[in-house]
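Source file: work-v2.csv (CSV, C-alpha atoms and all ligand atoms)
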```
chain,number,residue,atom,x,y,z
Q,1,MET,CA,-0.7,-11.7,-7.5
Q,2,LYS,CA,-1.9,-9.9,-4.4
Q,3,ALA,CA,-0.7,-6.5,-3.4
Q,4,ALA,CA,-1.6,-3.8,-0.8
Q,5,VAL,CA,-2.8,-0.8,-2.9
Q,6,TRP,CA,-3.2,2.8,-1.6
Q,7,TYR,CA,-6.2,4.6,-3.0
Q,8,LYS,CA,-6.4,7.5,-0.5
Q,9,ALA,CA,-5.9,8.1,3.2
Q,10,LYS,CA,-7.6,5.4,5.2
Q,11,ASP,CA,-8.3,3.4,2.0
Q,12,LEU,CA,-5.6,0.7,1.6
Q,13,ARG,CA,-6.9,-2.4,-0.3
Q,14,VAL,CA,-5.4,-5.8,-0.6
Q,15,GLU,CA,-6.4,-6.8,-4.2
Q,16,LYS,CA,-5.2,-8.7,-7.2
Q,17,VAL,CA,-2.8,-6.8,-9.5
Q,18,GLU,CA,-0.9,-7.8,-12.6
Q,19,GLU,CA,2.5,-9.4,-11.9
Q,20,PRO,CA,5.2,-7.1,-13.1
Q,21,GLN,CA,7.8,-8.4,-15.6
Q,22,VAL,CA,11.4,-7.4,-16.5
Q,23,ASN,CA,11.2,-4.9,-19.4
Q,24,GLY,CA,14.3,-2.8,-19.3
Q,25,LYS,CA,17.8,-4.3,-19.7
Q,26,HIS,CA,18.8,-3.1,-16.2
Q,27,ASP,CA,15.6,-4.4,-14.5
Q,28,VAL,CA,15.7,-6.8,-11.6
Q,29,LYS,CA,12.5,-8.8,-10.7
Q,30,ILE,CA,12.3,-9.8,-7.0
Q,31,LYS,CA,10.1,-12.2,-5.1
Q,32,VAL,CA,9.6,-10.3,-1.9
Q,33,GLY,CA,10.6,-12.2,1.2
Q,34,TRP,CA,9.6,-9.7,3.9
Q,35,CYS,CA,8.5,-6.0,3.8
Q,36,GLY,CA,8.3,-3.8,6.9
Q,37,ILE,CA,5.6,-1.2,7.6
Q,38,CYS,CA,7.3,2.2,8.1
Q,39,GLY,CA,6.2,5.3,10.0
Q,40,SER,CA,6.1,7.1,6.6
Q,41,ASP,CA,3.6,4.4,5.3
Q,42,LEU,CA,1.5,5.3,8.4
Q,43,HIS,CA,1.6,9.0,7.5
Q,44,GLU,CA,0.3,8.2,4.0
Q,45,TYR,CA,-2.4,5.9,5.4
Q,46,ALA,CA,-3.5,8.3,8.2
Q,47,ALA,CA,-3.1,11.7,6.5
Q,48,GLY,CA,-1.6,11.2,3.0
Q,49,PRO,CA,-0.8,11.9,0.3
Q,50,ILE,CA,2.7,13.2,1.2
Q,51,PHE,CA,5.0,11.3,-1.2
Q,52,ILE,CA,2.3,9.5,-3.2
Q,53,PRO,CA,1.6,11.2,-6.5
Q,54,VAL,CA,-2.1,11.8,-7.0
Q,55,ASP,CA,-2.6,14.6,-9.6
Q,56,ALA,CA,0.2,13.7,-12.1
Q,57,PRO,CA,2.4,10.7,-12.7
Q,58,HIS,CA,5.8,10.5,-10.8
Q,59,PRO,CA,8.5,11.6,-13.3
Q,60,ILE,CA,10.6,8.5,-12.8
Q,61,SER,CA,8.1,5.7,-12.0
Q,62,GLY,CA,5.4,7.1,-14.4
Q,63,GLY,CA,2.9,5.9,-11.8
Q,64,GLN,CA,0.3,7.7,-9.7
Q,65,ALA,CA,-2.4,6.6,-7.2
Q,66,PRO,CA,-3.7,4.0,-6.8
Q,67,ILE,CA,-0.2,2.6,-6.1
Q,68,VAL,CA,1.3,-0.5,-4.5
Q,69,MET,CA,2.9,0.4,-1.1
Q,70,GLY,CA,5.9,-1.1,0.7
Q,71,HIS,CA,9.5,0.3,0.5
Q,72,GLU,CA,11.3,-1.6,3.3
Q,73,PHE,CA,11.9,-5.0,1.7
Q,74,ALA,CA,14.3,-7.8,0.8
Q,75,GLY,CA,13.8,-10.9,-1.3
Q,76,GLU,CA,15.1,-13.2,-4.0
Q,77,VAL,CA,16.0,-12.2,-7.5
Q,78,VAL,CA,14.0,-14.3,-9.9
Q,79,ASP,CA,14.7,-12.6,-13.3
Q,80,VAL,CA,17.1,-9.9,-14.6
Q,81,GLY,CA,17.4,-7.8,-17.7
Q,82,SER,CA,20.1,-8.5,-20.3
Q,83,ALA,CA,22.6,-5.9,-19.1
Q,84,VAL,CA,22.4,-6.7,-15.4
Q,85,THR,CA,25.8,-7.6,-13.9
Q,86,LYS,CA,25.4,-6.8,-10.2
Q,87,VAL,CA,23.0,-9.6,-9.2
Q,88,LYS,CA,21.7,-12.8,-10.8
Q,89,PRO,CA,18.6,-15.0,-10.3
Q,90,GLY,CA,18.9,-16.8,-6.9
Q,91,ASP,CA,20.7,-14.0,-5.2
Q,92,ARG,CA,19.0,-12.5,-2.2
Q,93,VAL,CA,18.9,-8.7,-2.2
Q,94,ALA,CA,17.9,-5.7,0.0
Q,95,VAL,CA,16.3,-3.0,-2.1
Q,96,GLU,CA,17.3,0.7,-1.9
Q,97,PRO,CA,13.9,2.1,-2.9
Q,98,ILE,CA,15.1,5.6,-3.9
Q,99,LEU,CA,13.7,6.8,-7.2
Q,100,ALA,CA,16.1,9.3,-8.7
Q,101,PRO,CA,17.6,9.8,-12.2
Q,102,HIS,CA,19.7,6.8,-13.2
Q,103,GLU,CA,21.6,5.6,-16.2
Q,104,ASN,CA,23.3,2.3,-17.1
Q,105,GLY,CA,22.3,0.7,-13.8
Q,106,ARG,CA,23.6,3.6,-11.6
Q,107,TYR,CA,22.2,6.7,-10.0
Q,108,VAL,CA,23.3,9.8,-11.9
Q,109,ASP,CA,23.7,12.4,-9.2
Q,110,ALA,CA,26.3,12.1,-6.5
Q,111,LYS,CA,23.7,13.2,-3.9
Q,112,TYR,CA,20.9,11.3,-5.5
Q,113,ASN,CA,18.7,11.4,-2.4
Q,114,LEU,CA,18.5,15.2,-3.0
Q,115,SER,CA,17.2,14.9,-6.5
Q,116,PRO,CA,14.2,17.2,-7.2
Q,117,GLN,CA,12.5,14.1,-8.6
Q,118,LEU,CA,13.1,12.1,-5.5
Q,119,GLY,CA,10.5,9.4,-5.0
Q,120,PHE,CA,10.4,5.9,-3.4
Q,121,HIS,CA,9.5,2.6,-4.9
Q,122,GLY,CA,6.5,1.7,-2.8
Q,123,LEU,CA,5.4,5.3,-2.3
Q,124,SER,CA,5.7,6.9,-5.7
Q,125,GLY,CA,4.3,4.3,-8.1
Q,126,GLY,CA,6.0,1.6,-10.1
Q,127,GLY,CA,5.3,-1.2,-7.7
Q,128,GLY,CA,6.3,-1.9,-4.1
Q,129,GLY,CA,7.2,-4.5,-1.5
Q,130,PHE,CA,3.7,-5.3,-0.3
Q,131,SER,CA,3.3,-7.6,-3.2
Q,132,GLU,CA,4.5,-11.0,-4.2
Q,133,PHE,CA,6.8,-9.7,-6.9
Q,134,THR,CA,8.2,-6.3,-7.8
Q,135,VAL,CA,10.6,-5.0,-10.4
Q,136,VAL,CA,13.3,-2.5,-9.5
Q,137,GLY,CA,16.4,-1.1,-11.3
Q,138,GLU,CA,19.8,-2.8,-10.9
Q,139,HIS,CA,21.1,0.4,-9.1
Q,140,MET,CA,18.6,-0.3,-6.3
Q,141,ALA,CA,19.5,-4.0,-5.7
Q,142,HIS,CA,22.1,-4.8,-3.1
Q,143,LYS,CA,23.2,-8.4,-2.6
Q,144,LEU,CA,22.5,-9.6,1.0
Q,145,PRO,CA,25.4,-11.3,2.8
Q,146,ASP,CA,24.7,-15.0,3.7
Q,147,GLU,CA,24.8,-14.0,7.4
Q,148,LEU,CA,21.7,-11.8,7.1
Q,149,SER,CA,18.2,-13.2,6.8
Q,150,ASP,CA,15.5,-11.8,4.4
Q,151,GLU,CA,13.8,-10.3,7.4
Q,152,GLN,CA,17.0,-8.6,8.5
Q,153,GLY,CA,17.4,-7.5,4.9
Q,154,ALA,CA,14.0,-5.7,5.1
Q,155,LEU,CA,15.5,-3.6,8.0
Q,156,VAL,CA,18.4,-2.3,5.9
Q,157,GLU,CA,16.2,0.6,4.6
Q,158,PRO,CA,15.2,2.1,8.0
Q,159,ALA,CA,18.7,1.4,9.4
Q,160,ALA,CA,20.1,3.3,6.5
Q,161,VAL,CA,18.0,6.4,7.5
Q,162,ALA,CA,19.5,6.2,11.0
Q,163,VAL,CA,23.1,5.7,9.9
Q,164,HIS,CA,22.7,8.6,7.4
Q,165,ALA,CA,21.2,10.8,10.1
Q,166,VAL,CA,24.2,10.2,12.4
Q,167,ARG,CA,26.7,10.5,9.7
Q,168,GLN,CA,25.2,13.9,8.6
Q,169,SER,CA,25.4,15.1,12.2
Q,170,SER,CA,28.4,16.7,13.8
Q,171,LEU,CA,28.7,13.9,16.4
Q,172,LYS,CA,32.2,12.7,17.2
Q,173,VAL,CA,33.2,9.6,19.2
Q,174,GLY,CA,32.7,10.3,22.9
Q,175,ASP,CA,30.0,13.0,22.4
Q,176,THR,CA,26.6,13.0,24.0
Q,177,ALA,CA,23.3,12.7,22.2
Q,178,ALA,CA,19.5,12.8,22.8
Q,179,VAL,CA,16.9,10.9,20.7
Q,180,PHE,CA,13.3,12.2,20.9
Q,181,GLY,CA,11.0,9.4,19.8
Q,182,ALA,CA,11.9,5.7,20.1
Q,183,GLY,CA,9.8,4.3,17.2
Q,184,PRO,CA,11.6,2.1,14.8
Q,185,ILE,CA,13.6,4.9,13.4
Q,186,GLY,CA,14.5,6.4,16.8
Q,187,LEU,CA,15.6,3.0,18.0
Q,188,MET,CA,17.8,2.6,15.0
Q,189,VAL,CA,19.2,6.1,15.6
Q,190,ILE,CA,20.1,4.9,19.1
Q,191,ASP,CA,21.9,1.9,17.7
Q,192,ALA,CA,23.7,4.0,15.1
Q,193,LEU,CA,24.8,6.5,17.8
Q,194,LYS,CA,26.3,3.5,19.7
Q,195,ALA,CA,28.0,2.4,16.6
Q,196,ALA,CA,29.4,5.9,16.1
Q,197,GLY,CA,30.8,6.0,19.7
Q,198,ALA,CA,28.4,8.3,21.5
Q,199,SER,CA,29.2,8.3,25.2
Q,200,ALA,CA,25.6,8.8,26.4
Q,201,VAL,CA,22.4,8.6,24.5
Q,202,TYR,CA,19.4,10.1,26.3
Q,203,VAL,CA,16.0,8.8,25.1
Q,204,VAL,CA,12.6,10.6,25.3
Q,205,GLU,CA,9.6,8.4,24.5
Q,206,LEU,CA,6.0,8.1,25.7
Q,207,SER,CA,5.4,4.3,25.3
Q,208,LYS,CA,6.7,2.1,28.1
Q,209,GLU,CA,7.3,-0.8,25.8
Q,210,ARG,CA,9.3,1.4,23.4
Q,211,GLN,CA,11.2,2.9,26.4
Q,212,GLN,CA,12.2,-0.7,27.3
Q,213,LYS,CA,13.4,-1.4,23.8
Q,214,ALA,CA,15.5,1.8,24.0
Q,215,ARG,CA,16.9,0.8,27.4
Q,216,ASN,CA,17.8,-2.6,25.9
Q,217,LEU,CA,19.9,-0.8,23.3
Q,218,GLY,CA,21.8,1.1,26.0
Q,219,GLY,CA,19.7,4.3,26.0
Q,220,ILE,CA,19.2,6.4,29.2
Q,221,ILE,CA,15.5,6.9,29.5
Q,222,VAL,CA,14.3,10.4,30.5
Q,223,ASP,CA,10.8,11.5,31.7
Q,224,PRO,CA,9.1,13.1,28.7
Q,225,GLU,CA,7.6,15.8,31.0
Q,226,ARG,CA,11.0,16.9,32.3
Q,227,ALA,CA,13.3,15.9,29.5
Q,228,VAL,CA,15.0,19.2,28.8
Q,229,ASP,CA,15.6,20.0,32.5
Q,230,ASP,CA,16.8,16.5,33.3
Q,231,ILE,CA,19.2,16.3,30.3
Q,232,HIS,CA,20.7,19.7,31.3
Q,233,ALA,CA,21.0,18.7,34.9
Q,234,ASP,CA,22.8,15.5,34.0
Q,235,CYS,CA,25.2,16.7,31.3
Q,236,GLY,CA,24.7,20.4,30.7
Q,237,GLY,CA,22.9,19.8,27.4
Q,238,VAL,CA,23.8,17.3,24.7
Q,239,ASP,CA,26.1,17.8,21.7
Q,240,VAL,CA,23.5,16.6,19.2
Q,241,SER,CA,19.8,15.8,19.5
Q,242,PHE,CA,17.6,13.9,17.0
Q,243,GLU,CA,13.9,14.7,16.5
Q,244,VAL,CA,12.2,11.5,15.5
Q,245,THR,CA,8.6,12.0,16.7
Q,246,GLY,CA,7.1,14.4,14.2
Q,247,VAL,CA,5.2,16.0,17.1
Q,248,PRO,CA,5.4,19.9,16.8
Q,249,LYS,CA,6.1,20.6,20.5
Q,250,VAL,CA,8.9,18.0,20.6
Q,251,LEU,CA,10.9,20.1,18.0
Q,252,ASN,CA,11.5,22.7,20.7
Q,253,MET,CA,12.4,20.1,23.2
Q,254,ALA,CA,15.0,18.6,20.8
Q,255,LEU,CA,16.4,22.1,20.2
Q,256,HIS,CA,16.5,23.0,23.9
Q,257,SER,CA,18.1,19.8,25.0
Q,258,THR,CA,21.4,20.8,23.3
Q,259,HIS,CA,24.0,23.1,24.9
Q,260,THR,CA,25.0,26.4,23.3
Q,261,GLY,CA,26.6,25.6,20.0
Q,262,GLY,CA,24.8,22.3,19.8
Q,263,GLU,CA,23.0,20.8,16.9
Q,264,ALA,CA,19.5,19.4,16.4
Q,265,ILE,CA,18.9,17.0,13.5
Q,266,ILE,CA,15.4,16.6,12.3
Q,267,VAL,CA,14.6,13.2,10.9
Q,268,SER,CA,10.8,13.3,11.1
Q,269,ILE,CA,8.5,13.9,8.2
Q,270,TRP,CA,5.7,16.3,9.3
Q,271,GLU,CA,2.0,16.2,8.9
Q,272,SER,CA,1.7,19.9,9.9
Q,273,GLU,CA,3.9,23.0,10.6
Q,274,ALA,CA,6.0,23.2,13.7
Q,275,SER,CA,7.2,26.5,15.2
Q,276,PHE,CA,10.2,27.5,17.2
Q,277,GLN,CA,11.8,30.7,18.5
Q,278,PRO,CA,14.7,31.6,16.1
Q,279,ASN,CA,16.5,33.2,19.1
Q,280,ASP,CA,16.9,29.7,20.4
Q,281,LEU,CA,19.2,29.2,17.5
Q,282,VAL,CA,20.7,32.7,17.2
Q,283,ILE,CA,21.5,33.5,20.8
Q,284,ALA,CA,22.9,30.1,21.5
Q,285,GLU,CA,24.6,29.6,18.1
Q,286,ARG,CA,22.8,26.3,17.7
Q,287,THR,CA,22.4,24.6,14.3
Q,288,MET,CA,19.3,22.8,13.0
Q,289,LYS,CA,19.5,20.4,10.1
Q,290,GLY,CA,17.2,18.0,8.3
Q,291,ILE,CA,18.1,14.7,6.6
Q,292,ILE,CA,16.3,12.7,4.0
Q,293,ALA,CA,16.7,9.1,3.4
Q,294,TYR,CA,20.4,8.0,2.7
Q,295,ARG,CA,22.9,7.6,-0.1
Q,296,ASP,CA,25.8,5.2,-0.7
Q,297,ILE,CA,25.3,3.5,2.6
Q,298,TYR,CA,23.7,0.1,2.1
Q,299,PRO,CA,26.9,-1.9,2.1
Q,300,GLN,CA,28.1,-0.2,5.3
Q,301,VAL,CA,24.7,-0.8,7.0
Q,302,MET,CA,24.8,-4.5,6.1
Q,303,GLU,CA,28.3,-4.8,7.6
Q,304,LEU,CA,27.1,-3.2,10.8
Q,305,MET,CA,24.2,-5.7,10.8
Q,306,LYS,CA,26.8,-8.6,10.6
Q,307,SER,CA,28.3,-7.2,13.8
Q,308,GLY,CA,24.8,-7.3,15.5
Q,309,PHE,CA,23.6,-3.7,15.0
Q,310,PHE,CA,19.9,-3.1,14.0
Q,311,SER,CA,19.0,-6.6,14.9
Q,312,ALA,CA,15.5,-7.9,13.8
Q,313,ASP,CA,15.3,-9.5,17.3
Q,314,ASP,CA,15.3,-6.0,18.8
Q,315,MET,CA,12.9,-4.5,16.3
Q,316,VAL,CA,10.3,-6.9,15.0
Q,317,THR,CA,7.2,-7.3,17.2
Q,318,SER,CA,4.8,-9.0,14.8
Q,319,ARG,CA,4.8,-11.0,11.5
Q,320,ILE,CA,1.7,-11.1,9.4
Q,321,GLY,CA,0.5,-12.1,5.9
Q,322,ILE,CA,-0.6,-9.6,3.3
Q,323,ASP,CA,-4.4,-10.3,3.9
Q,324,ASP,CA,-4.0,-8.9,7.4
Q,325,VAL,CA,-1.9,-5.8,6.5
Q,326,VAL,CA,-4.7,-3.2,7.2
Q,327,ASP,CA,-6.1,-4.5,10.5
Q,328,SER,CA,-3.1,-6.3,12.0
Q,329,GLY,CA,-0.6,-4.0,10.4
Q,330,PHE,CA,-1.4,-0.3,9.8
Q,331,GLU,CA,-4.3,-0.1,12.3
Q,332,ALA,CA,-2.3,-2.0,14.9
Q,333,LEU,CA,0.7,0.3,14.6
Q,334,LEU,CA,-1.5,3.4,14.7
Q,335,HIS,CA,-3.2,2.4,17.9
Q,336,ASP,CA,-0.8,0.2,19.8
Q,337,LYS,CA,2.7,1.7,20.4
Q,338,SER,CA,3.8,-1.6,22.0
Q,339,HIS,CA,4.5,-2.6,18.4
Q,340,VAL,CA,7.7,-1.5,16.9
Q,341,LYS,CA,8.3,-3.1,13.4
Q,342,ILE,CA,5.6,-5.2,11.9
Q,343,MET,CA,6.8,-7.4,9.0
Q,344,VAL,CA,4.6,-8.5,6.2
Q,345,LYS,CA,5.1,-11.6,4.1
Q,346,PRO,CA,3.4,-10.9,0.8
Q,347,SER,CA,3.3,-14.5,-0.5
C,401,LIG,N1,13.9,11.8,7.0
C,401,LIG,C1,13.7,10.6,6.5
C,401,LIG,O1,14.3,10.2,5.5
C,401,LIG,C2,12.8,9.6,7.2
C,401,LIG,C3,12.8,8.2,6.9
C,401,LIG,C4,12.0,7.4,7.5
C,401,LIG,C5,11.1,7.9,8.5
C,401,LIG,N2,11.1,9.2,8.7
C,401,LIG,C6,10.2,9.8,9.7
C,401,LIG,O2,10.7,9.6,11.0
C,401,LIG,C7,9.7,9.6,12.0
C,401,LIG,C8,9.7,8.5,12.9
C,401,LIG,O3,9.5,7.3,12.2
C,401,LIG,P1,9.0,6.0,13.1
C,401,LIG,O4,8.7,4.9,12.1
C,401,LIG,O5,10.0,5.7,14.2
C,401,LIG,O6,7.6,6.6,13.7
C,401,LIG,P2,6.8,6.3,14.9
C,401,LIG,O7,5.5,7.1,14.8
C,401,LIG,O8,6.7,4.8,15.1
C,401,LIG,O9,7.6,6.8,16.2
C,401,LIG,C9,7.5,8.1,16.8
C,401,LIG,C10,7.6,7.9,18.3
C,401,LIG,O10,7.5,9.2,18.9
C,401,LIG,C11,6.9,9.0,20.2
C,401,LIG,N3,6.4,10.2,20.7
C,401,LIG,C12,5.3,10.9,20.3
C,401,LIG,N4,5.1,12.0,21.0
C,401,LIG,C13,6.1,12.1,21.9
C,401,LIG,C14,6.4,13.0,22.9
C,401,LIG,N5,5.7,14.1,23.2
C,401,LIG,N6,7.6,12.7,23.6
C,401,LIG,C15,8.3,11.7,23.3
C,401,LIG,N7,8.0,10.7,22.4
C,401,LIG,C16,6.9,10.9,21.7
C,401,LIG,C17,5.8,8.0,19.9
C,401,LIG,O11,5.4,7.3,21.1
C,401,LIG,C18,6.5,7.0,18.9
C,401,LIG,O12,7.1,5.9,19.6
C,401,LIG,C19,8.4,9.7,11.2
C,401,LIG,O13,7.9,11.0,11.1
C,401,LIG,C20,8.8,9.2,9.8
C,401,LIG,O14,8.0,9.6,8.8
C,401,LIG,C21,11.9,10.1,8.1
C,402,ZN,ZN,10.6,4.0,5.5
```

Would you mind giving the structure from this file in structure tokens?
Ligand SMILES: NC(=O)c1ccc[n+]([C@@H]2O[C@H](COP(=O)([O-])OP(=O)(O)OC[C@H]3O[C@@H](n4cnc5c(N)ncnc54)[C@H](O)[C@@H]3O)[C@@H](O)[C@H]2O)c1
Ligand SMILES: [Zn+2]
Amino acid sequence: MKAAVWYKAKDLRVEKVEEPQVNGKHDVKIKVGWCGICGSDLHEYAAGPIFIPVDAPHPISGGQAPIVMGHEFAGEVVDVGSAVTKVKPGDRVAVEPILAPHENGRYVDAKYNLSPQLGFHGLSGGGGGFSEFTVVGEHMAHKLPDELSDEQGALVEPAAVAVHAVRQSSLKVGDTAAVFGAGPIGLMVIDALKAAGASAVYVVELSKERQQKARNLGGIIVDPERAVDDIHADCGGVDVSFEVTGVPKVLNMALHSTHTGGEAIIVSIWESEASFQPNDLVIAERTMKGIIAYRDIYPQVMELMKSGFFSADDMVTSRIGIDDVVDSGFEALLHDKSHVKIMVKPS
């Protein structure tokens, strides 16, 4: 079967790899329907490795570069191990790609996304969604409701990041928020904030096309050059801001856009250091907090999707085959910010 394999930064190859098979009794083999390209995939492609193990095998997957990429996917179960009870062949599933200690078809730790061994299927070895078939643990497979397509199922992963970010924040219904960066994750944070009952969501984004997407979701677009001043003039500073650009200077803007006692949530993964003046926290009693991935949230995300949140119609701007994943996928996303989510069909 064909797969997109990461060798090193800027070296992603579509090549033939061996089709994986069910080995363990809790294994689930999936024929991938759609797999999205994520901002984190782009970081690995442009400036990696970040999550990809290169010097030693990942403790859970046992794999190291070169590795098959793709962690935002859904598809059909085609084979299961003898002890699997959660899903059966023919079921459609969205995959929770978190690699963390697991036993008897379940994650071991309550906060499994904070495991020191954290990895991701599709970033940390052991297979990935940019391939016709992949094998995951039963604990990672979530049955897709009939109402949701495979393509919508491939959006559960990034939507889960956004829902977790908002749930981990101090935002209460009626509060104000600002989202810095309206890429796929930022757009989903806007939608999650709407679901959570934010009264106003200010959005700071450079790309006109992405600004329009944010506006369609109900965001109030702010000029990136005057964002902090304009937000303070309009509402006196927001209750919670979300940094979703990964651009060092924007970290300060996200912090400054909140009122005294406000909170800045950092969602971005960083390619370099970013500095800020600690007094901006201290003298204003602000809080800054990071979030990684999600935990125990896939069923809720799928329910929100059934009500129309995180819709593929709002997010997907291109659909491609695996042979085009480098030029029409990774390179297109790096250079053309009119794209939001590009979906890859591996077979
Ligand atoms: N914490 C997690 O678990 C987690 C999970 C998934 C993704 N991420 C990270 O979240 C970040 C966002 O992901 P994405 O897929 O949306 O990425 P993306 O690169 O598509 O989006 C970033 C957006 O920021 C905008 N931007 C850049 N500079 C700006 C500026 N000065 N002012 C305003 N906007 C600006 C860009 O135009 C772009 O639209 C990435 O760093 C990604 O790695 C984190
Ligand atoms: Zn992702």

- Message: Please return as number ranges by chain every residue within 9 Å of (25.4, 26.6, 17.6), taking into account all atoms listed in the file and the file's own coordinates.
- Response: Q: 259-263, 281-288

- State, in Å with one decimal place, the distance from atom O2 of ligand LIG 401 (chain C) to atom CA of Ile292 of chain Q. 9.5 Å

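Restricting the calculation to only C-alpha atoms and all ligand atoms, the smallest distance between ligand LIG 401 (chain C) and any of Q:Asp223, Q:Glu103, Q:Glu303, Q:Asp175 is found for Q:Asp223.
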
- Can you tell me how far atom O11 of ligand LIG 401 (chain C) sits from atom CA of Leu334 of chain Q, in Å to one decimal? 10.2 Å

- Task: Please check which protein, DNA or RNA residues sit within 8 Å of ligand ZN 402 (chain C), counting all atoms listed in the file, and write them as a PyMOL selection string.
- Result: chain Q and resi 37-41+71-72+157-158

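Across the model, the gap from atom CA of Tyr45 of chain Q to atom CA of Ala4 of chain Q is 11.5 Å.
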
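Distance check against ligand LIG 401 (chain C) using all atoms listed in the file: of Q:Val344, Q:Val108, Q:Ala141, Q:Ile265, the minimum falls on Q:Ile265.
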
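The shortest atom-to-atom distance to ligand LIG 401 (chain C), with all atoms listed in the file taken into account, belongs to Q:Leu206 out of Q:Met302, Q:Val68, Q:Ile231, Q:Leu206.
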
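With distances restricted to only C-alpha atoms, Q:Pro97 is the closest residue to Phe73 of chain Q from Q:Gly321, Q:Gly219, Q:Gly125, Q:Pro97.
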
Each chain Q residue no farther than 7 Å from ligand LIG 401 (chain C), nearest pair in Å, only C-alpha atoms and all ligand atoms, as a Markdown table:
```
| residue | atom | partner | partner_atom | distance |
| --- | --- | --- | --- | --- |
| Q:Cys38 | CA | C:LIG401 | O4 | 5.0 |
| Q:Gly39 | CA | C:LIG401 | O4 | 3.3 |
| Q:Ser40 | CA | C:LIG401 | O14 | 3.8 |
| Q:His43 | CA | C:LIG401 | O14 | 6.6 |
| Q:Pro158 | CA | C:LIG401 | C4 | 6.2 |
| Q:Val161 | CA | C:LIG401 | C3 | 5.5 |
| Q:Phe180 | CA | C:LIG401 | C15 | 5.6 |
| Q:Gly181 | CA | C:LIG401 | O10 | 3.6 |
| Q:Ala182 | CA | C:LIG401 | O12 | 4.8 |
| Q:Gly183 | CA | C:LIG401 | O5 | 3.3 |
| Q:Pro184 | CA | C:LIG401 | O5 | 4.0 |
| Q:Ile185 | CA | C:LIG401 | O5 | 3.8 |
| Q:Gly186 | CA | C:LIG401 | O5 | 5.2 |
| Q:Val204 | CA | C:LIG401 | C15 | 4.9 |
| Q:Glu205 | CA | C:LIG401 | N7 | 3.5 |
| Q:Leu206 | CA | C:LIG401 | N7 | 4.7 |
| Q:Ser207 | CA | C:LIG401 | O11 | 5.2 |
| Q:Arg210 | CA | C:LIG401 | O12 | 6.3 |
| Q:Pro224 | CA | C:LIG401 | N6 | 5.3 |
| Q:Val244 | CA | C:LIG401 | C8 | 4.7 |
| Q:Thr245 | CA | C:LIG401 | O10 | 3.7 |
| Q:Gly246 | CA | C:LIG401 | O13 | 4.7 |
| Q:Val247 | CA | C:LIG401 | N4 | 5.6 |
| Q:Val250 | CA | C:LIG401 | N5 | 5.7 |
| Q:Val267 | CA | C:LIG401 | N1 | 4.2 |
| Q:Ser268 | CA | C:LIG401 | O13 | 3.7 |
| Q:Ile269 | CA | C:LIG401 | O13 | 4.1 |
| Q:Trp270 | CA | C:LIG401 | O13 | 6.0 |
| Q:Ile291 | CA | C:LIG401 | N1 | 5.1 |
| Q:Ile292 | CA | C:LIG401 | O1 | 3.5 |
| Q:Ala293 | CA | C:LIG401 | O1 | 3.4 |
| Q:Lys337 | CA | C:LIG401 | O12 | 6.1 |
| Q:Val340 | CA | C:LIG401 | O8 | 6.6 |
```

Would you pick out the contacts of Gly24 of chain Q at 9 Å or less, using only C-alpha atoms, so that residues sharing its chain but fewer than 5 positions from it are not included, and give the list as a CSV table (one decimal) with C-alpha atoms, in the coordinates of the input?
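Wrote out.csv, looks like this:
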```
chain,number,residue,atom,x,y,z
Q,80,VAL,CA,17.1,-9.9,-14.6
Q,81,GLY,CA,17.4,-7.8,-17.7
Q,82,SER,CA,20.1,-8.5,-20.3
Q,83,ALA,CA,22.6,-5.9,-19.1
Q,137,GLY,CA,16.4,-1.1,-11.3
```

- Task: May I have the residues within 9 Å of Lys10 of chain Q as number ranges by chain, using all atoms listed in the file and disregarding those fewer than 5 positions away in the same chain?
- Result: Q: 44-48

When you look at segment 191-198 of chain Q with a cut-off of 6 Å (counting all atoms listed in the file), what residues show up, excluding the ones that are within fewer than 5 positions of it in the same chain? I need them as a PDB file with C-alpha atoms, keeping the file's coordinate frame.
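Once written, selection_25.pdb looks like this:
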```
ATOM      1  CA  VAL Q 163      23.100   5.700   9.900  1.00  0.00           C
ATOM      2  CA  VAL Q 173      33.200   9.600  19.200  1.00  0.00           C
ATOM      3  CA  GLY Q 174      32.700  10.300  22.900  1.00  0.00           C
ATOM      4  CA  ASP Q 175      30.000  13.000  22.400  1.00  0.00           C
ATOM      5  CA  THR Q 176      26.600  13.000  24.000  1.00  0.00           C
TER       6      THR Q 176
END
```

- Message: Taking all atoms listed in the file into account, name the residue in Q:Glu138, Q:Leu171, Q:Pro248, Q:Ala3 that is nearest to Glu273 of chain Q.
- Response: Q:Pro248

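Candidate residues Q:Met305, Q:Cys235, Q:Leu255, Q:Leu217 were compared for distance to Asn279 of chain Q, and the nearest is Q:Leu255, using only C-alpha atoms.
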